[in-house]
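File shown: coords.txt (compact mmCIF, C-alpha atoms and all ligand atoms).
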```
# COMPACT_ATOMS: atom_id res chain seq x y z
CA MET G 14 -0.23 -110.71 -73.43
CA VAL G 15 -3.12 -111.16 -70.96
CA LEU G 16 -6.27 -109.07 -71.15
CA THR G 17 -8.04 -109.21 -67.81
CA GLY G 18 -11.07 -107.43 -66.37
CA ASP G 19 -14.67 -107.50 -67.38
CA PRO G 20 -15.61 -107.70 -71.07
CA GLU G 21 -17.57 -104.40 -71.05
CA GLN G 22 -14.61 -102.58 -69.71
CA LEU G 23 -12.43 -104.13 -72.39
CA MET G 24 -14.88 -103.05 -75.15
CA LEU G 25 -14.87 -99.53 -73.75
CA ARG G 26 -11.09 -99.46 -73.73
CA MET G 27 -10.96 -100.69 -77.32
CA ASP G 28 -13.55 -98.09 -78.26
CA ASN G 29 -11.42 -95.38 -76.62
CA LEU G 30 -8.49 -96.37 -78.79
CA ALA G 31 -10.52 -96.76 -82.00
CA ASP G 32 -9.71 -93.26 -83.17
CA PRO G 33 -6.54 -92.09 -84.95
CA THR G 34 -6.45 -88.69 -83.18
CA ARG G 35 -6.62 -90.32 -79.78
CA LEU G 36 -3.87 -92.75 -80.72
CA ARG G 37 -1.70 -89.88 -81.92
CA LEU G 38 -2.39 -87.96 -78.72
CA LEU G 39 -1.45 -90.93 -76.57
CA ARG G 40 1.78 -91.48 -78.47
CA LEU G 41 2.84 -87.88 -77.87
CA LEU G 42 1.71 -87.73 -74.25
CA GLU G 43 3.58 -90.92 -73.45
CA ARG G 44 6.75 -89.17 -74.56
CA ARG G 45 6.13 -85.85 -72.89
CA GLU G 46 3.75 -83.86 -70.68
CA LEU G 47 2.15 -81.30 -72.99
CA GLY G 48 -0.45 -78.54 -72.99
CA VAL G 49 -3.34 -78.14 -75.42
CA ALA G 50 -1.64 -75.37 -77.40
CA GLU G 51 1.46 -77.53 -77.87
CA LEU G 52 -0.63 -80.50 -78.98
CA VAL G 53 -2.54 -78.31 -81.44
CA GLU G 54 0.75 -77.18 -82.94
CA ILE G 55 2.21 -80.67 -83.18
CA LEU G 56 -0.90 -82.46 -84.44
CA GLN G 57 -1.90 -79.55 -86.66
CA LEU G 58 -5.54 -80.01 -85.72
CA PRO G 59 -8.10 -77.47 -84.48
CA GLN G 60 -8.05 -76.81 -80.75
CA SER G 61 -11.67 -77.93 -80.39
CA THR G 62 -10.79 -81.35 -81.85
CA VAL G 63 -7.75 -81.77 -79.61
CA SER G 64 -9.67 -80.68 -76.51
CA ARG G 65 -12.59 -82.99 -77.26
CA HIS G 66 -10.37 -86.07 -77.62
CA LEU G 67 -8.27 -85.10 -74.63
CA LYS G 68 -11.40 -84.91 -72.52
CA ILE G 69 -12.43 -88.42 -73.56
CA LEU G 70 -8.95 -89.74 -72.75
CA ALA G 71 -8.89 -87.94 -69.41
CA ASP G 72 -12.41 -89.05 -68.46
CA GLN G 73 -11.53 -92.67 -69.28
CA GLY G 74 -8.31 -92.57 -67.29
CA TRP G 75 -5.87 -92.80 -70.20
CA VAL G 76 -4.21 -89.50 -69.40
CA ALA G 77 -3.68 -87.53 -66.21
CA SER G 78 -3.80 -83.75 -66.13
CA ARG G 79 -2.59 -81.06 -63.79
CA SER G 80 -2.94 -77.32 -63.95
CA GLN G 81 0.02 -74.96 -64.14
CA GLY G 82 -0.99 -71.32 -64.10
CA THR G 83 -3.74 -70.97 -66.67
CA MET G 84 -2.64 -74.10 -68.56
CA ASN G 85 -3.63 -77.72 -68.17
CA LEU G 86 -0.81 -80.16 -68.81
CA TYR G 87 -1.51 -83.73 -69.88
CA ARG G 88 0.56 -86.86 -69.56
CA MET G 89 0.14 -90.53 -70.31
CA THR G 90 1.97 -92.96 -68.04
CA PRO G 91 1.49 -96.62 -69.07
CA SER G 92 2.41 -97.91 -65.58
CA ASP G 93 -0.59 -95.98 -64.19
CA LEU G 94 -3.04 -97.74 -66.52
CA GLU G 95 -5.02 -100.74 -65.42
CA PRO G 96 -3.55 -103.99 -66.83
CA SER G 97 -6.00 -104.48 -69.73
CA ALA G 98 -5.57 -100.89 -70.89
CA ARG G 99 -1.80 -101.18 -70.59
CA ALA G 100 -1.83 -104.37 -72.65
CA LEU G 101 -4.02 -102.79 -75.33
CA TRP G 102 -1.81 -99.73 -75.45
CA LYS G 103 1.26 -101.89 -75.98
CA VAL G 104 -0.33 -103.33 -79.12
CA ALA G 105 -1.60 -99.95 -80.32
CA ARG G 106 1.78 -98.29 -79.88
CA ARG G 107 3.56 -101.02 -81.81
CA GLU G 108 1.01 -100.97 -84.64
CA THR G 109 1.01 -97.18 -84.98
CA GLY G 110 4.79 -96.88 -84.91
CA GLU G 111 5.12 -96.99 -88.67
CA TRP G 112 2.22 -94.66 -89.45
CA ALA G 113 3.41 -91.79 -91.61
CA THR G 114 1.30 -89.38 -89.51
CA ALA G 115 2.78 -90.69 -86.27
CA ARG G 116 6.31 -90.24 -87.65
CA GLN G 117 5.43 -86.67 -88.58
CA ASP G 118 4.08 -86.10 -85.07
CA ASP G 119 7.32 -87.44 -83.61
CA LEU G 120 9.38 -85.11 -85.78
CA ARG G 121 7.27 -82.10 -84.82
CA LEU G 122 7.53 -83.01 -81.13
CA ASP G 123 11.35 -83.36 -81.48
CA HIS G 124 11.46 -79.94 -83.09
CA HIS G 125 9.19 -78.48 -80.41
CA LEU G 126 11.37 -79.90 -77.63
CA SER G 127 14.61 -78.69 -79.20
CA ASN G 128 12.98 -75.25 -79.39
CA GLY G 129 12.71 -75.35 -75.58
CA GLY G 130 11.94 -71.66 -75.08
CA ARG G 131 8.57 -71.99 -76.74
CA ARG G 132 7.10 -73.71 -73.77
CA ALA G 133 8.35 -71.09 -71.33
CA GLU G 134 7.17 -68.31 -73.63
CA GLU G 135 3.76 -69.86 -73.85
CA PHE G 136 3.70 -70.45 -70.11
CA PHE G 137 4.56 -66.87 -69.19
CA ALA G 138 2.16 -65.47 -71.77
CA GLY G 139 -0.60 -67.16 -69.80
CA ALA G 140 0.93 -66.65 -66.35
CA ALA G 141 1.72 -62.92 -66.38
CA ALA G 142 -1.57 -61.89 -64.77
CA HIS G 143 -1.18 -64.14 -61.73
CA TRP G 144 2.57 -64.78 -61.65
CA ASP G 145 3.04 -63.09 -58.25
CA LYS G 146 0.51 -65.39 -56.63
CA LEU G 147 1.87 -68.45 -58.39
CA ARG G 148 5.46 -67.54 -57.50
CA ARG G 149 4.51 -67.13 -53.83
CA GLU G 150 2.70 -70.48 -53.83
CA GLN G 151 5.55 -72.35 -55.50
CA TYR G 152 8.66 -70.70 -54.10
CA GLY G 153 7.64 -68.40 -51.24
CA ASP G 154 8.39 -64.71 -50.89
CA ARG G 155 11.83 -64.65 -49.37
CA TYR G 156 14.30 -65.61 -52.07
CA GLY G 157 14.20 -62.14 -53.66
CA VAL G 158 15.06 -60.38 -50.40
CA ILE G 159 17.80 -62.89 -49.68
CA GLY G 160 19.21 -62.38 -53.17
CA LEU G 161 19.22 -58.63 -52.66
CA LEU G 162 20.99 -59.02 -49.29
CA ALA G 163 23.77 -60.79 -51.18
CA LEU G 164 24.52 -57.40 -52.75
CA LEU G 165 25.84 -56.19 -49.37
CA PRO G 166 29.64 -56.07 -49.10
CA ALA G 167 30.71 -59.26 -47.34
CA SER G 168 33.15 -57.28 -45.18
CA ASP G 169 30.41 -55.11 -43.63
CA VAL G 170 29.58 -54.82 -39.95
CA VAL G 171 25.85 -54.15 -39.59
CA ALA G 172 23.86 -53.23 -36.48
CA ASP G 173 20.10 -53.80 -36.13
CA LEU G 174 18.84 -51.44 -33.45
CA GLY G 175 15.70 -52.58 -31.64
CA CYS G 176 16.32 -56.02 -33.12
CA GLY G 177 13.34 -57.66 -31.41
CA THR G 178 13.23 -61.39 -32.08
CA GLY G 179 16.11 -61.14 -34.55
CA SER G 180 14.52 -61.69 -37.95
CA ALA G 181 16.69 -59.03 -39.62
CA LEU G 182 19.78 -60.35 -37.81
CA ALA G 183 19.15 -63.84 -39.14
CA ASP G 184 18.65 -62.51 -42.68
CA LEU G 185 21.83 -60.45 -42.55
CA ALA G 186 24.09 -63.00 -40.89
CA GLY G 187 24.73 -65.06 -44.02
CA HIS G 188 25.85 -62.06 -46.05
CA VAL G 189 28.07 -59.82 -43.94
CA LYS G 190 31.03 -60.17 -41.59
CA ARG G 191 29.44 -59.21 -38.27
CA VAL G 192 25.90 -58.49 -37.17
CA ILE G 193 25.17 -56.65 -33.93
CA GLY G 194 21.68 -56.71 -32.42
CA VAL G 195 20.65 -54.30 -29.67
CA ASP G 196 17.37 -54.33 -27.77
CA SER G 197 16.18 -53.38 -24.29
CA SER G 198 13.85 -56.35 -23.85
CA THR G 199 15.27 -59.47 -22.25
CA GLU G 200 12.45 -61.58 -23.67
CA MET G 201 12.88 -60.32 -27.22
CA LEU G 202 16.63 -60.89 -26.99
CA LYS G 203 16.03 -64.42 -25.74
CA ALA G 204 14.00 -65.14 -28.87
CA ALA G 205 16.70 -63.47 -31.03
CA ARG G 206 19.38 -65.60 -29.38
CA GLN G 207 17.40 -68.74 -30.05
CA ARG G 208 16.83 -67.75 -33.68
CA THR G 209 20.50 -66.97 -34.34
CA ARG G 210 22.07 -69.67 -32.16
CA GLU G 211 23.83 -71.32 -35.11
CA MET G 212 25.16 -68.02 -36.48
CA SER G 213 28.59 -67.35 -35.07
CA ASN G 214 28.84 -63.79 -36.43
CA VAL G 215 25.80 -62.46 -34.53
CA GLU G 216 26.34 -60.49 -31.30
CA LEU G 217 23.45 -59.44 -29.07
CA TYR G 218 23.41 -56.67 -26.48
CA ARG G 219 20.75 -55.57 -24.03
CA ALA G 220 20.88 -51.78 -23.99
CA PRO G 221 18.76 -48.69 -24.66
CA LEU G 222 18.85 -47.28 -28.18
CA GLU G 223 19.66 -43.92 -26.63
CA SER G 224 22.98 -45.27 -25.35
CA LEU G 225 24.41 -47.99 -27.59
CA PRO G 226 27.20 -50.31 -26.38
CA ILE G 227 29.00 -49.93 -29.74
CA ARG G 228 32.14 -47.87 -30.48
CA ASP G 229 32.16 -44.73 -32.65
CA GLY G 230 32.33 -45.62 -36.36
CA GLU G 231 32.29 -49.40 -35.68
CA CYS G 232 29.53 -50.16 -38.20
CA ASP G 233 29.26 -49.87 -41.97
CA ALA G 234 25.48 -49.85 -41.83
CA ALA G 235 22.69 -49.75 -39.26
CA THR G 236 18.99 -50.49 -39.39
CA MET G 237 16.17 -49.57 -37.02
CA PHE G 238 12.90 -51.26 -37.88
CA LEU G 239 9.70 -50.33 -36.05
CA ALA G 240 11.60 -49.26 -32.93
CA LEU G 241 11.71 -45.46 -33.12
CA SER G 242 8.00 -45.14 -32.20
CA TYR G 243 8.91 -46.67 -28.82
CA VAL G 244 11.82 -44.43 -27.98
CA ALA G 245 11.36 -41.50 -25.57
CA ASP G 246 13.97 -39.36 -27.31
CA PRO G 247 14.05 -40.22 -31.04
CA THR G 248 16.70 -37.58 -31.86
CA ARG G 249 19.04 -39.11 -29.32
CA ALA G 250 18.45 -42.62 -30.67
CA LEU G 251 19.15 -41.39 -34.22
CA ALA G 252 22.27 -39.55 -33.00
CA GLU G 253 23.48 -42.81 -31.47
CA MET G 254 22.78 -44.54 -34.76
CA ALA G 255 24.83 -41.91 -36.59
CA ARG G 256 27.65 -42.14 -34.01
CA ILE G 257 28.24 -45.88 -34.46
CA LEU G 258 28.49 -45.51 -38.26
CA ARG G 259 31.80 -44.96 -40.01
CA PRO G 260 31.93 -41.88 -42.25
CA GLY G 261 29.73 -42.66 -45.23
CA GLY G 262 28.12 -45.57 -43.36
CA ARG G 263 24.44 -46.09 -44.23
CA ALA G 264 21.39 -45.80 -41.97
CA VAL G 265 17.94 -47.22 -42.73
CA VAL G 266 14.97 -46.51 -40.47
CA VAL G 267 11.51 -47.93 -41.06
CA ASP G 268 8.73 -46.73 -38.82
CA LEU G 269 5.09 -45.77 -38.78
CA MET G 270 3.97 -42.83 -40.83
CA SER G 271 2.11 -40.30 -38.66
CA HIS G 272 -1.43 -41.50 -37.93
CA ASP G 273 -4.28 -40.83 -35.52
CA ARG G 274 -5.00 -44.35 -34.29
CA GLU G 275 -4.57 -43.66 -30.60
CA ALA G 276 -6.09 -47.01 -29.60
CA PHE G 277 -3.56 -48.77 -31.85
CA ARG G 278 -0.67 -46.81 -30.30
CA ILE G 279 -1.76 -47.78 -26.79
CA GLU G 280 -2.36 -51.40 -27.72
CA MET G 281 1.13 -51.67 -29.27
CA GLY G 282 2.78 -49.83 -26.37
CA GLN G 283 4.20 -47.08 -28.59
CA ARG G 284 5.13 -43.58 -27.45
CA HIS G 285 4.57 -41.77 -30.75
CA LEU G 286 1.75 -41.68 -33.29
CA GLY G 287 4.28 -42.34 -36.05
CA PHE G 288 6.33 -39.67 -37.83
CA GLU G 289 5.70 -37.12 -40.55
CA PRO G 290 8.30 -37.90 -43.24
CA ALA G 291 9.58 -34.30 -43.34
CA ALA G 292 9.85 -34.17 -39.53
CA LEU G 293 11.68 -37.51 -39.52
CA GLU G 294 14.14 -36.17 -42.10
CA SER G 295 14.83 -33.14 -39.88
CA LEU G 296 15.39 -35.39 -36.85
CA ALA G 297 17.86 -37.50 -38.81
CA GLU G 298 19.77 -34.47 -40.12
CA GLU G 299 19.89 -33.00 -36.62
CA ALA G 300 21.27 -36.35 -35.46
CA GLY G 301 24.21 -36.11 -37.89
CA LEU G 302 23.04 -37.99 -40.97
CA GLU G 303 23.32 -36.53 -44.46
CA GLY G 304 21.82 -37.36 -47.84
CA VAL G 305 18.64 -38.08 -45.93
CA THR G 306 15.55 -39.13 -47.87
CA THR G 307 12.23 -40.67 -46.93
CA ARG G 308 9.72 -42.59 -48.92
CA PRO G 309 6.39 -44.13 -47.98
CA LEU G 310 6.31 -47.91 -48.30
CA VAL G 311 3.48 -49.43 -50.30
CA PRO G 312 1.29 -51.22 -47.74
CA GLU G 313 1.50 -54.97 -48.09
CA PRO G 314 -1.76 -56.73 -48.95
CA GLY G 315 -3.49 -57.67 -45.71
CA ALA G 316 -1.32 -55.44 -43.47
CA GLN G 317 -3.65 -53.86 -40.93
CA GLY G 318 -1.37 -51.41 -39.12
CA PRO G 319 -0.71 -47.80 -40.16
CA ALA G 320 1.32 -47.24 -43.32
CA LEU G 321 5.11 -47.22 -42.97
CA VAL G 322 7.79 -44.78 -44.01
CA MET G 323 11.44 -45.56 -44.75
CA LEU G 324 14.28 -43.15 -44.13
CA THR G 325 17.76 -43.58 -45.53
CA GLY G 326 20.86 -41.50 -44.87
CA ARG G 327 24.63 -41.62 -44.45
CA GLN G 328 26.93 -40.71 -41.65
CA ALA G 329 28.24 -37.31 -42.66
CA ALA G 330 31.84 -37.57 -43.86
CA PRO G 331 34.24 -35.66 -41.59
CA VAL G 332 34.60 -32.04 -42.63
CA ARG G 333 37.85 -31.63 -44.53
CA THR G 334 39.71 -28.58 -43.26
CA ILE G 335 41.84 -27.15 -46.01
CA HIS G 336 44.21 -24.49 -44.69
CA ALA G 337 44.32 -21.14 -46.44
CA GLU G 338 48.00 -21.67 -47.25
CA ALA G 339 47.23 -24.95 -48.94
CA ILE G 340 44.51 -23.33 -51.03
CA GLU G 341 46.92 -20.58 -52.03
CA GLU G 342 49.53 -23.12 -52.96
CA ARG G 343 47.05 -24.90 -55.24
CA THR G 344 45.91 -21.80 -57.10
C1 LIG E 1 8.10 -53.51 -32.71
S1 LIG E 1 9.54 -54.26 -32.14
C2 LIG E 1 10.40 -54.39 -33.65
C3 LIG E 1 11.41 -55.49 -33.63
C4 LIG E 1 12.13 -55.71 -34.96
N1 LIG E 1 12.91 -54.60 -35.34
C5 LIG E 1 11.15 -56.06 -36.04
O1 LIG E 1 11.00 -55.30 -37.00
O2 LIG E 1 10.53 -57.13 -35.96
C6 LIG E 1 10.37 -52.94 -31.32
C7 LIG E 1 11.57 -53.40 -30.55
O3 LIG E 1 12.26 -52.25 -30.06
C8 LIG E 1 12.67 -52.50 -28.73
N2 LIG E 1 12.76 -51.22 -28.05
C9 LIG E 1 11.79 -50.32 -27.84
N3 LIG E 1 12.27 -49.24 -27.21
C10 LIG E 1 13.59 -49.45 -27.03
C11 LIG E 1 14.64 -48.70 -26.45
N4 LIG E 1 14.43 -47.49 -25.95
N5 LIG E 1 15.87 -49.23 -26.42
C12 LIG E 1 16.10 -50.46 -26.95
N6 LIG E 1 15.15 -51.21 -27.53
C13 LIG E 1 13.91 -50.71 -27.56
C14 LIG E 1 11.57 -53.40 -28.18
O4 LIG E 1 12.03 -54.14 -27.08
C15 LIG E 1 11.21 -54.25 -29.36
O5 LIG E 1 11.97 -55.43 -29.39
```
Would you write the structure of this file as structure tokens?
Ligand SMILES: C[S@@+](CC[C@H](N)C(=O)[O-])C[C@H]1O[C@@H](n2cnc3c(N)ncnc32)[C@H](O)[C@@H]1O
Amino acid sequence: MVLTGDPEQLMLRMDNLADPTRLRLLRLLERRELGVAELVEILQLPQSTVSRHLKILADQGWVASRSQGTMNLYRMTPSDLEPSARALWKVARRETGEWATARQDDLRLDHHLSNGGRRAEEFFAGAAAHWDKLRREQYGDRYGVIGLLALLPASDVVADLGCGTGSALADLAGHVKRVIGVDSSTEMLKAARQRTREMSNVELYRAPLESLPIRDGECDAATMFLALSYVADPTRALAEMARILRPGGRAVVVDLMSHDREAFRIEMGQRHLGFEPAALESLAEEAGLEGVTTRPLVPEPGAQGPALVMLTGRQAAPVRTIHAEAIEERT
């Protein structure tokens, strides 16, 4: 064993290790990254004592820490220590191996690890208040929406009307049989084509929403996101939406709730100052949808435009004509 470095540094290192609590902490943290609460439980010492010794070890470079949610996690990695500290630790670990207290610590750590849920429980107890932010930072926002899209029947044909640059098309393509995008803007369609170029089940058409190039009843579902405010004749566009749906097929429209921001309307090139939910419901029913409902969408943090409203409905099932004779026969 070679102890290098300057003598003062060596004395300091030896001083750092000249404490049974610190030696116990290092033994545990070499085995596993742990938080203060876990260390308190395993060492059976007051939190203030554990925190004080951890601080010394962290300040002197024996342990590294990182924050996770509201917790700080600590770890000791011998290969990260400078050579003299590593050499000292090797001796200290060997000499403490037979300590009764150290064996007890090991047993309690084994028990703690086999009781794996404790850590998660402890973590979420501290993380609940800021989990949304933490989740976004660590995993992004999209996995939930993608998971929900997986609930769609894989055999569905879905149209996105006023598809713009194709973000909904791209989301849908992995989950359903066919996706049809329609838009009147060549430039927007170009971007949609680029975005979906690897997706063989996406079809794009340049056409007005008031006259869709899709057969009657061809689609199981249709969406129209932020496009109705641009359309000269919204009832006609909704009637076209209803026409391309099979009986029972589902329609979802998201658009601006009625507002008075004229400057915004002009800047965005829209024809309408949004829609009153009740008026939108009437338009959809007139267009041939049934089971129509609307609900305001909770504005997303930071969204600066007017609030949005979502309408859902179904293509009315064909009216079943039961002949009088048949009714008589049944009764
Ligand atoms: C605000 S963008 C929304 C795009 C996309 N749905 C989204 O949510 O990102 C509105 C789209 O509707 C298209 N659009 C507007 N009026 C239209 C019409 N009458 N016929 C077809 N497309 C139209 C525009 O070209 C534009 O791409």
Can you list, as a compact mmCIF listing (two decimals) with C-alpha atoms, in the coordinates of the input, every protein, DNA or RNA residue that comes within 9 Å of region 196-209 of chain G when you count all atoms listed in the file, leaving out same-chain residues fewer than 3 positions away?
```txt
# COMPACT_ATOMS: atom_id res chain seq x y z
CA ASP G 173 20.10 -53.80 -36.13
CA LEU G 174 18.84 -51.44 -33.45
CA GLY G 175 15.70 -52.58 -31.64
CA CYS G 176 16.32 -56.02 -33.12
CA GLY G 177 13.34 -57.66 -31.41
CA THR G 178 13.23 -61.39 -32.08
CA GLY G 179 16.11 -61.14 -34.55
CA SER G 180 14.52 -61.69 -37.95
CA LEU G 182 19.78 -60.35 -37.81
CA ALA G 183 19.15 -63.84 -39.14
CA ALA G 186 24.09 -63.00 -40.89
CA MET G 212 25.16 -68.02 -36.48
CA SER G 213 28.59 -67.35 -35.07
CA VAL G 215 25.80 -62.46 -34.53
CA GLU G 216 26.34 -60.49 -31.30
CA LEU G 217 23.45 -59.44 -29.07
CA TYR G 218 23.41 -56.67 -26.48
CA ARG G 219 20.75 -55.57 -24.03
CA ALA G 220 20.88 -51.78 -23.99
CA PRO G 221 18.76 -48.69 -24.66
CA LEU G 222 18.85 -47.28 -28.18
```
For this session: Fewer than 6 positions away in the same chain doesn't count, so skip those; otherwise give me all residues within 10 Å of Arg228 (chain G), counting all atoms listed in the file, as number ranges by chain.
Result: G: 256-259
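The interatomic distance for the pair CA of Thr34 (chain G) and CA of Phe137 (chain G) works out to 28.2 Å.
When only C-alpha atoms and all ligand atoms are used to compute distances to ligand LIG 1 (chain E), the closest of the residues G:Glu289, G:Glu313, G:Glu21, G:Glu223 turns out to be G:Glu223.
Non-sequential neighbours of region 241-244 of chain G (distance at most 9 Å, separation of 2 or more positions within a chain, all atoms listed in the file) are G:Gly175, G:Pro221, G:Leu222, G:Glu223, G:Met237, G:Phe238, G:Leu239, G:Asp246, G:Pro247, G:Ala250, G:Leu251, G:Val266, G:Val267, G:Asp268, G:Leu269, G:Gly282, G:Gln283, G:Arg284, G:His285, G:Leu286, G:Gly287, G:Phe288.
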For this session: Go ahead and find all residues with at least one atom no further than 12 Å from (-10.6, -85.1, -77.8) in the file's coordinates, using all atoms listed in the file; report them as an NGL selection string.
Result: :G and (29-30 or 32-39 or 49 or 52-53 or 58-73 or 75-76)
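Note that the spacing between CA of Tyr87 (chain G) and CA of Gly153 (chain G) amounts to 25.8 Å.
Across the structure, CA of Gly48 (chain G) and CA of Ser127 (chain G) are spaced 16.3 Å apart.
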Grab all the atoms of region 81-88 of chain G that the file lists, wrap them in a box along x, y and z, add 8 Å per side, and give me centre plus edge lengths in Å (one decimal) as AutoDock Vina command-line options.
```
--center_x -1.6 --center_y -78.9 --center_z -67.0 --size_x 20.3 --size_y 31.9 --size_z 21.8
```
Seminar exercise, completed: Among G:Ser271, G:Gln317, G:Thr306, G:Thr236, ligand LIG 1 (chain E) is approached most closely, using all atoms listed in the file, by G:Thr236
